[in-house]
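Data first, discussion second: the structure below is written as structure tokens.
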Amino acid sequence: MLSKSTPSSNLSGASTSTGTGGAKTGLLGSGGGLFGKKNQPAKPQNPIINRINALKQAYDTSSSQCKFIAIVYDAAGPSNKNSKVNLEPDIKQIADACNPDPKLYVTSIIVGYEGITSRVNVQKEMISKMQEKLQSMKNKIQELNDDFKSLLSNRIQSITEKNNEIQQMLMSVLENTEVKALSGFQLSREEQELLDELQKMQEEVNKPNQYIAALNTLSLKAKLVRDSLIVPPSYNLDASTIQKAETVLKANNTGLESISKYIKTVDRQLKFMEAAMAERDGTAPAVVESEEE
């Protein structure tokens with residue numbers, strides 16, 4: 001608040017006289033000489049100036065009366081374990097009482113705008129590092145997931161292969177067991193003849209170059225058919241080509257007849273063996289068909 005001051009009658013600086021031979025009044029007072037009376041009380045300061053000085057000290061971080069601070073709670077660690085907070089006792093007591101967990105957090109203060117800016121920058125840096133760590137953890141989890149899938153797939157494949165191998169070994173053991181169990185039985189004459197016939201037929205079927213000629217003629221015929229599909233309708237075959245085609249067709253027909261005869265022969269032999277087995281067992285009379293040429 002503004003305060004009123006009593007006006008002085010001697011502000012103009014002029015001197016007055018009380019009479020001839022009287023004492024003169026000085027510039028700032030009377031009877032005390034030129035500079036006023038001795039032991040004059042000091043004039044009180046203007047409250048506005050006091051307020052301005054208090055505000056300046058409140059924003060001066062080097063002053064003991066600085067009041068521009070913010071109280072925060074940092075995570076307790078080696079860096080701030082022995083840090084001291086210069087607060088008034090009553091304010092420090094309130095700040096410690098508001099601490100959510102004194103074992104995990106310590107009371108800290110932020111002084112001025114520079115402290116706030118520095119803390120914001122530190123928080124941004126921490127957020128950036130946490131994001132980098134999170135991305136690294138995501139990549140690591142993805143790598144672990146891929147490795148797990150690959151390991152699981154390889155493991156399943158290995159187990160399947162071992163299972164198949166075990167089954168094959170079991171089948172081999174069973175087969176050997178059956179062979180040993182039946183090795184003491186003597187084959188009858190009919191069974192031995194049937195076994196000989198089957199072995200002979202297997203040798204005939206597996207004989208090298210058995211049907212090479214017939215297969216060659218069939219391949220040539222198929223080639224002629226494919227070539228005929230792309231021949232334009234106006235194309236005329238000459239006599240030599242027709243003669244070659246007739247030769248191939250005749251050879252093909254001969255090969256087919258040979259295959260047909262062989263199949264009929266095999267069929268008659270099978271029927272003969274079936275009839276022999278039926279006659280041996282007494283289930284049906286033996287029937288043998290005459291060979292057809």
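Ligands are numbered from 1 in the order shown, chains are lettered A, B, ... in the order of the structure tokens, and residues start at 1 in each chain.
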
Per DSSP on the backbone, what are the helix (DSSP H, G or I) residues of region 94-198 of chain A, as a count of residues only? 85

Could you write out, as a list in words, all the residues of region 104-195 of chain A that DSSP marks as strand (DSSP E or B)? Tyr105, Val106, Thr107, Ser108, Ile109, Ile110 and Val111 of chain A

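Taking CA of Ile242 (chain A) and CA of Ala222 (chain A) as endpoints, the distance between them is 15.6 Å.
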
If you count only C-alpha atoms, which residues fall within 7 Å of Ala75 (chain A), apart from same-chain ones fewer than 4 positions away, as a PyMOL selection string? chain A and resi 104-106

Just-selected residues, N, CA and C atoms written as a short mmCIF file (atom, residue, chain, number, x, y, z; two decimals), in the first residue's frame:
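The resulting file, selection_24.cif, is reproduced below:
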```cif
data_model
loop_
_atom_site.label_atom_id
_atom_site.label_comp_id
_atom_site.auth_asym_id
_atom_site.auth_seq_id
_atom_site.Cartn_x
_atom_site.Cartn_y
_atom_site.Cartn_z
N LEU A 104 11.66 -45.94 -1.62
CA LEU A 104 11.90 -45.96 -3.07
C LEU A 104 12.12 -44.58 -3.66
N TYR A 105 11.67 -43.54 -3.00
CA TYR A 105 11.75 -42.19 -3.55
C TYR A 105 12.39 -41.25 -2.54
N VAL A 106 13.09 -40.27 -3.06
CA VAL A 106 13.70 -39.22 -2.24
C VAL A 106 13.15 -37.88 -2.69
#
```

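The space separating CA of Asn154 (chain A) from CA of Ile166 (chain A) comes to 18.2 Å.
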